[in-house]
>>> print(open('final-v4.cif').read())   # mmCIF, C-alpha atoms
data_target
#
loop_
_atom_site.label_atom_id
_atom_site.label_comp_id
_atom_site.auth_asym_id
_atom_site.auth_seq_id
_atom_site.Cartn_x
_atom_site.Cartn_y
_atom_site.Cartn_z
CA MET A 24 0.00 0.00 0.00
CA THR A 25 1.42 3.39 -0.98
CA GLU A 26 1.83 6.21 1.51
CA VAL A 27 -0.95 8.15 -0.22
CA SER A 28 -3.43 5.26 -0.03
CA LEU A 29 -2.48 4.57 3.61
CA ASN A 30 -3.11 8.19 4.54
CA SER A 31 -6.42 8.05 2.68
CA ALA A 32 -7.47 4.97 4.64
CA VAL A 33 -6.57 6.63 7.93
CA ASP A 34 -8.47 9.76 6.96
CA ARG A 35 -11.53 7.68 5.99
CA VAL A 36 -11.60 5.87 9.34
CA ALA A 37 -11.12 9.17 11.18
CA SER A 38 -14.00 10.73 9.25
CA GLU A 39 -16.30 7.87 10.27
CA ALA A 40 -15.49 8.27 13.97
CA ARG A 41 -18.26 9.83 16.03
CA PRO A 42 -16.72 10.92 19.34
CA ALA A 43 -19.58 13.31 20.18
CA ALA A 44 -22.18 10.54 19.83
CA LEU A 45 -20.06 8.17 21.90
CA ALA A 46 -19.63 10.82 24.60
CA ARG A 47 -23.41 11.31 24.86
CA TRP A 48 -23.89 7.55 25.05
CA LEU A 49 -21.40 7.20 27.92
CA TRP A 50 -22.98 10.10 29.83
CA ALA A 51 -26.34 8.30 29.56
CA VAL A 52 -24.82 5.06 30.87
CA ALA A 53 -23.17 7.00 33.72
CA LEU A 54 -26.59 8.36 34.71
CA LEU A 55 -27.95 4.83 34.71
CA VAL A 56 -25.12 3.70 36.99
CA ILE A 57 -26.08 6.44 39.47
CA VAL A 58 -29.67 5.11 39.42
CA VAL A 59 -28.39 1.58 40.10
CA VAL A 60 -26.33 2.86 43.04
CA GLY A 61 -29.47 4.50 44.44
CA VAL A 62 -31.55 1.34 44.09
CA GLY A 63 -28.69 -0.59 45.66
CA GLY A 64 -28.94 1.71 48.66
CA ILE A 65 -32.66 1.02 48.98
CA THR A 66 -31.98 -2.70 48.65
CA ARG A 67 -29.50 -2.56 51.49
CA LEU A 68 -31.60 -0.38 53.80
CA THR A 69 -34.71 -2.52 53.34
CA GLU A 70 -32.64 -5.66 54.08
CA SER A 71 -33.65 -7.02 50.67
CA GLY A 72 -30.26 -8.11 49.36
CA LEU A 73 -30.51 -11.78 50.36
CA SER A 74 -34.08 -12.35 49.19
CA ILE A 75 -32.93 -13.94 45.90
CA THR A 76 -30.75 -16.89 46.83
CA GLU A 77 -29.63 -17.95 43.34
CA TRP A 78 -27.65 -16.30 40.57
CA ARG A 79 -29.46 -16.83 37.29
CA PRO A 80 -28.19 -14.20 34.84
CA VAL A 81 -30.71 -15.14 32.13
CA SER A 82 -33.71 -16.88 33.67
CA GLY A 83 -33.56 -14.59 36.71
CA VAL A 84 -34.78 -11.69 34.61
CA ILE A 85 -38.36 -12.92 34.99
CA PRO A 86 -39.75 -12.86 38.56
CA PRO A 87 -42.20 -15.51 39.78
CA LEU A 88 -45.46 -15.20 37.82
CA THR A 89 -47.66 -17.60 39.80
CA GLU A 90 -48.49 -18.09 43.47
CA ALA A 91 -46.70 -21.45 43.35
CA GLY A 92 -43.62 -19.74 41.96
CA TRP A 93 -43.63 -17.18 44.75
CA ILE A 94 -44.01 -19.87 47.39
CA ALA A 95 -41.07 -21.79 45.89
CA GLU A 96 -38.85 -18.69 46.04
CA PHE A 97 -39.98 -17.99 49.60
CA GLU A 98 -39.09 -21.53 50.64
CA LYS A 99 -35.55 -21.01 49.34
CA TYR A 100 -35.28 -17.82 51.39
CA LYS A 101 -36.47 -19.64 54.51
CA LYS A 102 -33.36 -21.85 54.38
CA ILE A 103 -30.86 -19.03 54.96
CA PRO A 104 -29.80 -17.64 58.39
CA GLU A 105 -31.29 -14.19 57.78
CA TYR A 106 -34.81 -15.60 57.69
CA ARG A 107 -34.33 -17.93 60.65
CA GLU A 108 -32.68 -15.32 62.90
CA ILE A 109 -34.15 -12.02 61.72
CA ASN A 110 -37.32 -12.52 59.68
CA LEU A 111 -38.81 -15.68 61.15
CA GLY A 112 -42.57 -15.52 60.63
CA MET A 113 -42.39 -13.14 57.66
CA THR A 114 -45.47 -13.30 55.45
CA LEU A 115 -45.41 -14.01 51.73
CA ALA A 116 -46.45 -10.40 51.12
CA GLY A 117 -43.47 -9.19 53.14
CA PHE A 118 -41.18 -11.45 51.15
CA LYS A 119 -42.54 -10.09 47.87
CA ALA A 120 -41.71 -6.56 49.05
CA ILE A 121 -38.04 -7.29 49.72
CA PHE A 122 -37.78 -9.51 46.64
CA PHE A 123 -38.86 -6.57 44.47
CA TRP A 124 -35.93 -4.33 45.39
CA GLU A 125 -33.30 -7.02 44.93
CA TRP A 126 -34.88 -8.06 41.62
CA LEU A 127 -35.00 -4.44 40.42
CA HIS A 128 -31.38 -3.90 41.43
CA ARG A 129 -30.29 -6.95 39.44
CA ILE A 130 -32.40 -5.97 36.43
CA LEU A 131 -30.90 -2.49 36.36
CA GLY A 132 -27.43 -4.01 36.58
CA ARG A 133 -28.18 -6.11 33.52
CA LEU A 134 -29.56 -3.02 31.81
CA VAL A 135 -26.26 -1.22 32.37
CA GLY A 136 -24.50 -4.15 30.70
CA MET A 137 -26.83 -4.05 27.70
CA ALA A 138 -26.56 -0.27 27.51
CA LEU A 139 -22.81 -0.62 27.18
CA ILE A 140 -22.38 -3.77 25.12
CA LEU A 141 -25.08 -3.39 22.45
CA PRO A 142 -24.21 0.18 21.42
CA LEU A 143 -20.51 -0.75 21.56
CA ILE A 144 -21.10 -3.50 19.02
CA TRP A 145 -23.09 -1.08 16.85
CA TYR A 146 -20.46 1.65 16.97
CA ALA A 147 -17.69 -0.86 16.27
CA TRP A 148 -19.59 -2.21 13.25
CA ARG A 149 -20.11 1.33 11.99
CA ARG A 150 -16.42 2.10 12.56
CA ALA A 151 -17.49 5.05 14.69
CA ILE A 152 -14.97 4.45 17.49
CA PRO A 153 -11.95 6.77 17.32
CA ALA A 154 -8.50 5.22 17.23
CA GLY A 155 -7.23 4.23 20.65
CA TYR A 156 -10.63 4.07 22.35
CA ALA A 157 -11.85 0.57 21.49
CA TRP A 158 -9.78 -1.08 24.23
CA ARG A 159 -11.02 1.37 26.83
CA LEU A 160 -14.66 0.86 25.90
CA LEU A 161 -14.17 -2.91 25.97
CA ALA A 162 -12.62 -2.59 29.44
CA LEU A 163 -15.64 -0.63 30.69
CA ALA A 164 -17.99 -3.28 29.28
CA ALA A 165 -15.94 -6.05 30.89
CA LEU A 166 -16.08 -4.17 34.19
CA VAL A 167 -19.87 -4.41 34.15
CA GLY A 168 -19.62 -8.19 33.81
CA LEU A 169 -17.12 -8.29 36.65
CA GLN A 170 -19.47 -6.16 38.74
CA GLY A 171 -22.24 -8.71 38.28
CA ALA A 172 -19.94 -11.49 39.47
CA ILE A 173 -18.84 -9.39 42.46
CA GLY A 174 -22.50 -8.77 43.28
CA TRP A 175 -23.19 -12.49 43.48
CA TRP A 176 -19.97 -13.06 45.43
CA MET A 177 -21.26 -10.49 47.90
CA VAL A 178 -24.69 -12.09 48.20
CA ALA A 179 -23.17 -15.57 48.60
CA SER A 180 -21.37 -14.39 51.74
CA GLY A 181 -24.72 -14.11 53.52
CA LEU A 182 -26.40 -17.35 52.46
CA GLU A 183 -24.83 -19.96 54.73
CA TYR A 184 -23.35 -18.70 57.98
CA ARG A 185 -24.11 -14.97 58.26
CA ILE A 186 -27.32 -12.97 58.66
CA ASP A 187 -26.01 -10.30 56.30
CA VAL A 188 -23.40 -9.88 53.60
CA SER A 189 -19.70 -9.30 54.26
CA HIS A 190 -18.99 -5.59 54.56
CA PHE A 191 -15.71 -6.18 52.73
CA ARG A 192 -17.55 -7.67 49.76
CA LEU A 193 -20.19 -4.96 49.89
CA ALA A 194 -17.43 -2.35 49.75
CA THR A 195 -15.86 -4.11 46.76
CA HIS A 196 -19.23 -4.13 45.00
CA LEU A 197 -19.95 -0.45 45.63
CA LEU A 198 -16.45 0.80 44.89
CA THR A 199 -16.33 -1.15 41.63
CA ALA A 200 -19.58 0.55 40.59
CA LEU A 201 -18.12 3.96 41.45
CA PHE A 202 -14.89 3.14 39.58
CA LEU A 203 -17.01 2.24 36.56
CA LEU A 204 -18.87 5.53 36.92
CA ALA A 205 -15.62 7.50 37.06
CA GLY A 206 -14.30 5.62 34.04
CA LEU A 207 -17.43 6.41 32.04
CA VAL A 208 -17.22 10.10 32.91
CA TRP A 209 -13.49 10.33 32.17
CA THR A 210 -13.85 8.60 28.80
CA ALA A 211 -16.90 10.69 27.90
CA ARG A 212 -14.92 13.85 28.58
CA ASP A 213 -11.98 12.60 26.52
CA LEU A 214 -14.35 11.88 23.63
CA GLY A 215 -16.06 15.25 24.06
CA ALA A 216 -12.69 17.00 23.81
CA LEU A 217 -11.88 14.96 20.70
CA ALA A 218 -15.18 15.97 19.12
CA ARG A 219 -14.32 19.64 19.62
CA ASP A 220 -10.72 19.26 18.47
CA PRO A 221 -9.64 16.22 16.39
CA SER A 222 -6.06 16.69 17.58
CA ALA A 223 -6.98 16.61 21.30
CA ARG A 224 -5.15 14.07 23.44
CA PRO A 225 -6.59 12.08 26.39
CA ALA A 226 -6.30 13.74 29.77
CA ARG A 227 -3.83 12.32 32.25
CA LEU A 228 -4.12 11.69 35.99
CA THR A 229 -1.58 14.01 37.60
CA GLY A 230 0.31 13.35 40.82
CA PRO A 231 -1.80 15.76 42.90
CA ALA A 232 -4.94 14.29 41.33
CA MET A 233 -3.88 10.82 42.45
CA GLY A 234 -3.56 12.16 45.99
CA ILE A 235 -7.13 13.49 45.81
CA VAL A 236 -8.31 10.13 44.46
CA ALA A 237 -6.62 8.31 47.34
CA ILE A 238 -8.24 10.56 49.96
CA LEU A 239 -11.65 10.20 48.34
CA PHE A 240 -11.18 6.43 48.07
CA VAL A 241 -10.63 6.16 51.83
CA GLN A 242 -13.83 8.09 52.51
CA LEU A 243 -15.85 5.96 50.09
CA LEU A 244 -14.41 2.78 51.60
CA LEU A 245 -15.30 3.90 55.11
CA GLY A 246 -18.80 4.80 53.92
CA ALA A 247 -19.26 1.35 52.41
CA TRP A 248 -18.11 -0.26 55.66
CA VAL A 249 -20.51 1.93 57.63
CA ALA A 250 -23.28 0.66 55.39
CA GLY A 251 -22.23 -2.97 55.57
CA LEU A 252 -21.88 -2.96 59.35
CA ASN A 253 -25.02 -0.86 59.97
CA ALA A 254 -22.64 1.46 61.80
CA GLY A 255 -24.83 4.48 61.12
CA TYR A 256 -27.15 3.28 63.87
CA VAL A 257 -24.58 3.35 66.69
CA ALA A 258 -25.04 7.10 67.26
CA ASN A 259 -27.72 9.59 66.20
CA SER A 260 -26.13 12.80 67.48
CA TRP A 261 -23.66 15.21 65.88
CA PRO A 262 -20.91 16.36 66.30
CA LEU A 263 -20.55 14.20 69.41
CA MET A 264 -21.24 10.48 69.31
CA ASN A 265 -23.42 9.59 72.27
CA ASP A 266 -22.07 12.59 74.24
CA ASN A 267 -18.43 11.77 73.43
CA PHE A 268 -16.08 12.98 70.73
CA VAL A 269 -14.40 9.57 70.53
CA PRO A 270 -17.26 7.12 71.10
CA GLU A 271 -17.34 4.64 73.91
CA GLY A 272 -17.84 1.05 72.91
CA ILE A 273 -14.90 0.59 70.53
CA ASP A 274 -13.64 -2.97 70.91
CA TRP A 275 -9.82 -2.94 70.91
CA SER A 276 -9.50 -6.48 72.30
CA GLY A 277 -8.61 -7.98 68.92
CA GLY A 278 -6.01 -5.37 68.13
CA ALA A 279 -6.02 -2.05 66.31
CA TRP A 280 -6.29 -3.51 62.80
CA LEU A 281 -9.33 -5.63 63.65
CA ALA A 282 -11.01 -2.61 65.24
CA LEU A 283 -10.12 -0.39 62.31
CA THR A 284 -11.70 -2.77 59.79
CA ASN A 285 -14.57 -4.27 61.78
CA ASP A 286 -15.68 -2.12 64.72
CA PRO A 287 -18.84 -0.12 63.87
CA PHE A 288 -18.17 2.61 66.44
CA LEU A 289 -14.64 3.29 65.21
CA ILE A 290 -15.56 3.10 61.51
CA HIS A 291 -18.50 5.47 62.02
CA PHE A 292 -16.19 7.88 63.86
CA LEU A 293 -13.55 7.74 61.10
CA HIS A 294 -16.13 8.20 58.35
CA ARG A 295 -17.46 11.31 60.10
CA TRP A 296 -14.14 13.06 60.46
CA TRP A 297 -12.27 11.86 57.39
CA SER A 298 -15.10 13.50 55.44
CA TRP A 299 -13.69 16.90 56.42
CA ILE A 300 -10.32 15.99 54.93
CA ALA A 301 -11.99 14.79 51.74
CA ALA A 302 -14.11 17.94 51.60
CA ALA A 303 -11.07 20.16 52.12
CA VAL A 304 -9.10 18.65 49.23
CA LEU A 305 -12.13 18.76 46.92
CA LEU A 306 -12.73 22.40 47.77
CA LEU A 307 -9.05 23.08 47.09
CA LEU A 308 -9.53 21.38 43.73
CA ALA A 309 -12.51 23.64 43.07
CA ARG A 310 -10.40 26.71 43.85
CA ILE A 311 -7.67 25.58 41.44
CA LEU A 312 -10.24 24.92 38.71
CA SER A 313 -11.85 28.32 39.23
CA ARG A 314 -8.47 30.02 38.84
CA ARG A 315 -7.97 28.15 35.58
CA GLY A 316 -11.31 29.28 34.22
CA ALA A 317 -13.24 26.03 34.84
CA ARG A 318 -15.92 27.77 36.85
CA VAL A 319 -18.75 25.34 35.99
CA GLU A 320 -16.87 22.35 37.40
CA ALA A 321 -15.72 24.40 40.40
CA ARG A 322 -19.23 25.53 41.31
CA LEU A 323 -20.72 22.08 40.84
CA LEU A 324 -18.02 20.56 43.02
CA VAL A 325 -18.59 23.05 45.83
CA ALA A 326 -22.36 22.58 45.68
CA VAL A 327 -22.25 18.79 45.75
CA VAL A 328 -19.60 18.64 48.50
CA ALA A 329 -21.77 20.91 50.66
CA ALA A 330 -24.91 18.87 49.90
CA GLN A 331 -23.14 15.62 50.72
CA MET A 332 -21.86 16.92 54.05
CA ILE A 333 -25.32 18.17 55.03
CA LEU A 334 -26.94 14.89 53.99
CA GLY A 335 -24.38 12.89 55.95
CA ILE A 336 -25.13 14.82 59.13
CA TRP A 337 -28.86 14.64 58.46
CA THR A 338 -28.63 10.87 57.96
CA VAL A 339 -27.05 10.51 61.40
CA ILE A 340 -29.42 12.77 63.34
CA SER A 341 -32.46 11.23 61.62
CA GLY A 342 -31.51 7.82 62.95
CA VAL A 343 -30.67 6.69 59.41
CA SER A 344 -33.96 7.61 57.77
CA MET A 345 -34.08 5.43 54.66
CA TRP A 346 -34.74 8.10 52.05
CA ILE A 347 -32.22 10.54 53.52
CA ALA A 348 -29.62 7.78 53.60
CA VAL A 349 -30.40 6.81 50.01
CA LEU A 350 -30.10 10.44 48.94
CA HIS A 351 -26.74 10.56 50.74
CA GLN A 352 -25.57 7.53 48.74
CA VAL A 353 -26.84 8.90 45.43
CA THR A 354 -25.22 12.27 46.10
CA GLY A 355 -22.00 10.42 46.86
CA ALA A 356 -22.16 8.82 43.41
CA ILE A 357 -22.85 12.21 41.82
CA LEU A 358 -19.86 13.59 43.73
CA VAL A 359 -17.65 10.85 42.27
CA ALA A 360 -18.85 11.75 38.77
CA ILE A 361 -18.21 15.47 39.26
CA ALA A 362 -14.84 14.82 40.88
CA ALA A 363 -13.86 12.66 37.90
CA ALA A 364 -14.94 15.41 35.51
CA SER A 365 -13.02 17.99 37.54
CA LEU A 366 -9.84 15.92 37.70
CA HIS A 367 -10.15 15.36 33.95
CA ARG A 368 -10.21 19.12 33.45
CA LEU A 369 -7.17 19.41 35.70
CA GLY A 370 -5.29 16.80 33.66
CA GLY A 371 -6.32 18.02 30.21
CA ARG A 372 -3.43 18.28 27.75
CA ALA A 373 -2.92 20.58 24.86
CA PRO A 374 -2.66 18.82 21.49
#
>>> encode(input="final-v4.cif", output="structure tokens")
Amino acid sequence: MTEVSLNSAVDRVASEARPAALARWLWAVALLVIVVVGVGGITRLTESGLSITEWRPVSGVIPPLTEAGWIAEFEKYKKIPEYREINLGMTLAGFKAIFFWEWLHRILGRLVGMALILPLIWYAWRRAIPAGYAWRLLALAALVGLQGAIGWWMVASGLEYRIDVSHFRLATHLLTALFLLAGLVWTARDLGALARDPSARPARLTGPAMGIVAILFVQLLLGAWVAGLNAGYVANSWPLMNDNFVPEGIDWSGGAWLALTNDPFLIHFLHRWWSWIAAAVLLLLARILSRRGARVEARLLVAVVAAQMILGIWTVISGVSMWIAVLHQVTGAILVAIAAASLHRLGGRAP
């Protein structure tokens, strides 16, 4: 192939690329992920997560359609520790209520997978994916599949010996979803920049940005552990915890590491006060962005950080009201998306 014909082929492929359309698609999927995170919060707070005791990726799409089918599912639930120790005597109507949220959560998870994989196949067939982005889009699609497997791994931890799921596995499940969300936002912004300027290069994660990510990761991990251990219920006052700054009741008998990773009082305490460190670095990021002319990202970041702090305090003093707690979790996901967009702006590179 001559140099002229090779250049012509490259130009033809580049002309077929549709980065703006791909960016809009990824933003839509990111919004769907936030919805799934919200429904996951409802599933957790209604203690619905163990109501479906089998992983059936295909046949599980359809819920029981007959009374006999519902009774069969209920009988499976009766065999696990959660029913015997927590919900003994639950009615079939009560079971249907918790089954709904777990079923909806799983359906939405499958929908995220379809929303990524089917358009990806279409765009690949139409040669609409810009050079260098196919691998990244495939990785995001694979991450959805991994997330489904992690979800079942999490549920399986509560089917034999526990009355709830492992908080470590719950954290893995939630943080993987938030990592997917950040990846969708970052890639969408890269594609948006490419649509505006064909010579634009992908943004990079700078050293300071990695520090911000690490601080935010710790806060998200602590939040997931608070959720998994029901640690939000150990105190309903703020700023003190049951009239103490450092709460009484922390069990140090197993050593500091065991307390740090398993004690609900200590984890609740750390989640409360690490949030101020996370907020400080995000507000510093907003200040830097504002100075660089990225005022939209800066204002959004400030607004969502403030909302998340208020919702966190409100969740505590409300005694973990379900809808306030769910809003806190959803706002946390939105914060991850805005932080990813902000860090992308910080790491943008000139062509």
>>> residues_around(input="final-v4.cif", residues="Thr229 in chain A", least_positions_apart="6", cutoff="10 Å", atoms="only C-alpha atoms", output="short mmCIF file (atom, residue, chain, number, x, y, z; two decimals) with C-alpha atoms, in the frame of the given file")
data_model
loop_
_atom_site.label_atom_id
_atom_site.label_comp_id
_atom_site.auth_asym_id
_atom_site.auth_seq_id
_atom_site.Cartn_x
_atom_site.Cartn_y
_atom_site.Cartn_z
CA ILE A 235 -7.13 13.49 45.81
CA LEU A 366 -9.84 15.92 37.70
CA HIS A 367 -10.15 15.36 33.95
CA LEU A 369 -7.17 19.41 35.70
CA GLY A 370 -5.29 16.80 33.66
CA GLY A 371 -6.32 18.02 30.21
#
>>> resolve_selection(input="final-v4.cif", expression="the PyMOL selection byres ((chain A and resi 347-349) around 7)", output="CSV table (one decimal) with C-alpha atoms, in the frame of the given file")
chain,number,residue,atom,x,y,z
A,61,GLY,CA,-29.5,4.5,44.4
A,64,GLY,CA,-28.9,1.7,48.7
A,65,ILE,CA,-32.7,1.0,49.0
A,334,LEU,CA,-26.9,14.9,54.0
A,338,THR,CA,-28.6,10.9,58.0
A,343,VAL,CA,-30.7,6.7,59.4
A,344,SER,CA,-34.0,7.6,57.8
A,345,MET,CA,-34.1,5.4,54.7
A,346,TRP,CA,-34.7,8.1,52.0
A,350,LEU,CA,-30.1,10.4,48.9
A,351,HIS,CA,-26.7,10.6,50.7
A,352,GLN,CA,-25.6,7.5,48.7
A,353,VAL,CA,-26.8,8.9,45.4
>>> residues_around(input="final-v4.cif", residues="Ser341 in chain A", least_positions_apart="6", cutoff="12 Å", atoms="all atoms listed in the file", output="number ranges by chain")
A: 255-256, 258-261, 333-335, 347-348
>>> closest_residue(input="final-v4.cif", among="A:Ala250, A:Ala301, A:Leu182, A:Ala53", to="Ala211 in chain A", atoms="all atoms listed in the file")
A:Ala53
>>> residues_around(input="final-v4.cif", residues="range 124-127 of chain A", least_positions_apart="5", cutoff="8 Å", atoms="all atoms listed in the file", output="tab-separated table (two decimals) with C-alpha atoms, keeping the file's coordinate frame")
chain	number	residue	atom	x	y	z
A	62	VAL	CA	-31.55	1.34	44.09
A	63	GLY	CA	-28.69	-0.59	45.66
A	65	ILE	CA	-32.66	1.02	48.98
A	66	THR	CA	-31.98	-2.70	48.65
A	71	SER	CA	-33.65	-7.02	50.67
A	72	GLY	CA	-30.26	-8.11	49.36
A	73	LEU	CA	-30.51	-11.78	50.36
A	74	SER	CA	-34.08	-12.35	49.19
A	75	ILE	CA	-32.93	-13.94	45.90
A	84	VAL	CA	-34.78	-11.69	34.61
A	86	PRO	CA	-39.75	-12.86	38.56
>>> resolve_selection(input="final-v4.cif", expression="the PyMOL selection byres ((chain A and resi 170) around 12)", output="VMD selection string")
chain A and resid 56 59 129 132 to 133 135 to 136 163 to 169 171 to 177 192 to 204
>>> write_last_selection(input="final-v4.cif", atoms="C-alpha atoms", output="mmCIF file, in the coordinates of the input")
data_model
loop_
_atom_site.group_PDB
_atom_site.id
_atom_site.type_symbol
_atom_site.label_atom_id
_atom_site.label_comp_id
_atom_site.auth_asym_id
_atom_site.auth_seq_id
_atom_site.Cartn_x
_atom_site.Cartn_y
_atom_site.Cartn_z
ATOM 1 C CA VAL A 56 -25.120 3.700 36.990
ATOM 2 C CA VAL A 59 -28.390 1.580 40.100
ATOM 3 C CA ARG A 129 -30.290 -6.950 39.440
ATOM 4 C CA GLY A 132 -27.430 -4.010 36.580
ATOM 5 C CA ARG A 133 -28.180 -6.110 33.520
ATOM 6 C CA VAL A 135 -26.260 -1.220 32.370
ATOM 7 C CA GLY A 136 -24.500 -4.150 30.700
ATOM 8 C CA LEU A 163 -15.640 -0.630 30.690
ATOM 9 C CA ALA A 164 -17.990 -3.280 29.280
ATOM 10 C CA ALA A 165 -15.940 -6.050 30.890
ATOM 11 C CA LEU A 166 -16.080 -4.170 34.190
ATOM 12 C CA VAL A 167 -19.870 -4.410 34.150
ATOM 13 C CA GLY A 168 -19.620 -8.190 33.810
ATOM 14 C CA LEU A 169 -17.120 -8.290 36.650
ATOM 15 C CA GLY A 171 -22.240 -8.710 38.280
ATOM 16 C CA ALA A 172 -19.940 -11.490 39.470
ATOM 17 C CA ILE A 173 -18.840 -9.390 42.460
ATOM 18 C CA GLY A 174 -22.500 -8.770 43.280
ATOM 19 C CA TRP A 175 -23.190 -12.490 43.480
ATOM 20 C CA TRP A 176 -19.970 -13.060 45.430
ATOM 21 C CA MET A 177 -21.260 -10.490 47.900
ATOM 22 C CA ARG A 192 -17.550 -7.670 49.760
ATOM 23 C CA LEU A 193 -20.190 -4.960 49.890
ATOM 24 C CA ALA A 194 -17.430 -2.350 49.750
ATOM 25 C CA THR A 195 -15.860 -4.110 46.760
ATOM 26 C CA HIS A 196 -19.230 -4.130 45.000
ATOM 27 C CA LEU A 197 -19.950 -0.450 45.630
ATOM 28 C CA LEU A 198 -16.450 0.800 44.890
ATOM 29 C CA THR A 199 -16.330 -1.150 41.630
ATOM 30 C CA ALA A 200 -19.580 0.550 40.590
ATOM 31 C CA LEU A 201 -18.120 3.960 41.450
ATOM 32 C CA PHE A 202 -14.890 3.140 39.580
ATOM 33 C CA LEU A 203 -17.010 2.240 36.560
ATOM 34 C CA LEU A 204 -18.870 5.530 36.920
#
>>> resolve_selection(input="final-v4.cif", expression="the PyMOL selection byres ((chain A and resi 89-101) around 8)", output="list of chain:residue names")
A:Leu73, A:Ser74, A:Ile75, A:Thr76, A:Pro87, A:Leu88, A:Lys102, A:Ile103, A:Pro104, A:Tyr106, A:Arg107, A:Leu115, A:Phe118, A:Lys119
>>> write_last_selection(input="final-v4.cif", atoms="C-alpha atoms", output="PDB file, keeping the file's coordinate frame")
ATOM      1  CA  LEU A  73     -30.510 -11.780  50.360  1.00  0.00           C
ATOM      2  CA  SER A  74     -34.080 -12.350  49.190  1.00  0.00           C
ATOM      3  CA  ILE A  75     -32.930 -13.940  45.900  1.00  0.00           C
ATOM      4  CA  THR A  76     -30.750 -16.890  46.830  1.00  0.00           C
ATOM      5  CA  PRO A  87     -42.200 -15.510  39.780  1.00  0.00           C
ATOM      6  CA  LEU A  88     -45.460 -15.200  37.820  1.00  0.00           C
ATOM      7  CA  LYS A 102     -33.360 -21.850  54.380  1.00  0.00           C
ATOM      8  CA  ILE A 103     -30.860 -19.030  54.960  1.00  0.00           C
ATOM      9  CA  PRO A 104     -29.800 -17.640  58.390  1.00  0.00           C
ATOM     10  CA  TYR A 106     -34.810 -15.600  57.690  1.00  0.00           C
ATOM     11  CA  ARG A 107     -34.330 -17.930  60.650  1.00  0.00           C
ATOM     12  CA  LEU A 115     -45.410 -14.010  51.730  1.00  0.00           C
ATOM     13  CA  PHE A 118     -41.180 -11.450  51.150  1.00  0.00           C
ATOM     14  CA  LYS A 119     -42.540 -10.090  47.870  1.00  0.00           C
TER      15      LYS A 119
END
>>> closest_residue(input="final-v4.cif", among="A:Pro287, A:Gly117, A:Pro42, A:Gly355", to="Ala157 in chain A", atoms="all atoms listed in the file")
A:Pro42
>>> closest_residue(input="final-v4.cif", among="A:Phe191, A:Trp78, A:Trp48, A:Phe122", to="Leu143 in chain A", atoms="all atoms listed in the file")
A:Trp48
>>> atom_distance(input="final-v4.cif", atom1="CA of Ala232 in chain A", atom2="CA of Val319 in chain A")
18.5 Å
>>> closest_residue(input="final-v4.cif", among="A:Leu312, A:Val257, A:Leu283, A:Leu214", to="Ala43 in chain A", atoms="only C-alpha atoms")
A:Leu214
>>> closest_residue(input="final-v4.cif", among="A:Ala321, A:Ala138, A:Leu293, A:Ile152", to="Ala218 in chain A", atoms="all atoms listed in the file")
A:Ile152
>>> atom_distance(input="final-v4.cif", atom1="CA of Leu111 in chain A", atom2="CA of Asp187 in chain A")
14.7 Å
>>> build_atoms(input="final-v4.cif", residues="range 105-112 of chain A", atoms="N, CA, C and O atoms", output="PDB file, in the coordinates of the input")
ATOM      1  N   GLU A 105     -30.597 -15.453  57.593  1.00  0.00           N
ATOM      2  CA  GLU A 105     -31.290 -14.190  57.780  1.00  0.00           C
ATOM      3  C   GLU A 105     -32.768 -14.412  58.107  1.00  0.00           C
ATOM      4  O   GLU A 105     -33.326 -13.734  58.979  1.00  0.00           O
ATOM      5  N   TYR A 106     -33.393 -15.343  57.407  1.00  0.00           N
ATOM      6  CA  TYR A 106     -34.810 -15.600  57.690  1.00  0.00           C
ATOM      7  C   TYR A 106     -34.970 -16.205  59.086  1.00  0.00           C
ATOM      8  O   TYR A 106     -35.803 -15.762  59.873  1.00  0.00           O
ATOM      9  N   ARG A 107     -34.159 -17.213  59.385  1.00  0.00           N
ATOM     10  CA  ARG A 107     -34.330 -17.930  60.650  1.00  0.00           C
ATOM     11  C   ARG A 107     -34.044 -17.047  61.863  1.00  0.00           C
ATOM     12  O   ARG A 107     -34.700 -17.177  62.896  1.00  0.00           O
ATOM     13  N   GLU A 108     -33.089 -16.112  61.744  1.00  0.00           N
ATOM     14  CA  GLU A 108     -32.680 -15.320  62.900  1.00  0.00           C
ATOM     15  C   GLU A 108     -33.238 -13.904  62.930  1.00  0.00           C
ATOM     16  O   GLU A 108     -33.288 -13.279  63.987  1.00  0.00           O
ATOM     17  N   ILE A 109     -33.668 -13.400  61.781  1.00  0.00           N
ATOM     18  CA  ILE A 109     -34.150 -12.020  61.720  1.00  0.00           C
ATOM     19  C   ILE A 109     -35.620 -11.942  61.303  1.00  0.00           C
ATOM     20  O   ILE A 109     -36.420 -11.223  61.926  1.00  0.00           O
ATOM     21  N   ASN A 110     -35.992 -12.682  60.273  1.00  0.00           N
ATOM     22  CA  ASN A 110     -37.320 -12.520  59.680  1.00  0.00           C
ATOM     23  C   ASN A 110     -38.231 -13.728  59.877  1.00  0.00           C
ATOM     24  O   ASN A 110     -39.167 -13.935  59.088  1.00  0.00           O
ATOM     25  N   LEU A 111     -37.970 -14.508  60.892  1.00  0.00           N
ATOM     26  CA  LEU A 111     -38.810 -15.680  61.150  1.00  0.00           C
ATOM     27  C   LEU A 111     -40.267 -15.236  61.310  1.00  0.00           C
ATOM     28  O   LEU A 111     -40.573 -14.321  62.072  1.00  0.00           O
ATOM     29  N   GLY A 112     -41.159 -15.885  60.581  1.00  0.00           N
ATOM     30  CA  GLY A 112     -42.570 -15.520  60.630  1.00  0.00           C
ATOM     31  C   GLY A 112     -42.983 -14.513  59.574  1.00  0.00           C
ATOM     32  O   GLY A 112     -44.154 -14.117  59.526  1.00  0.00           O
TER      33      GLY A 112
END
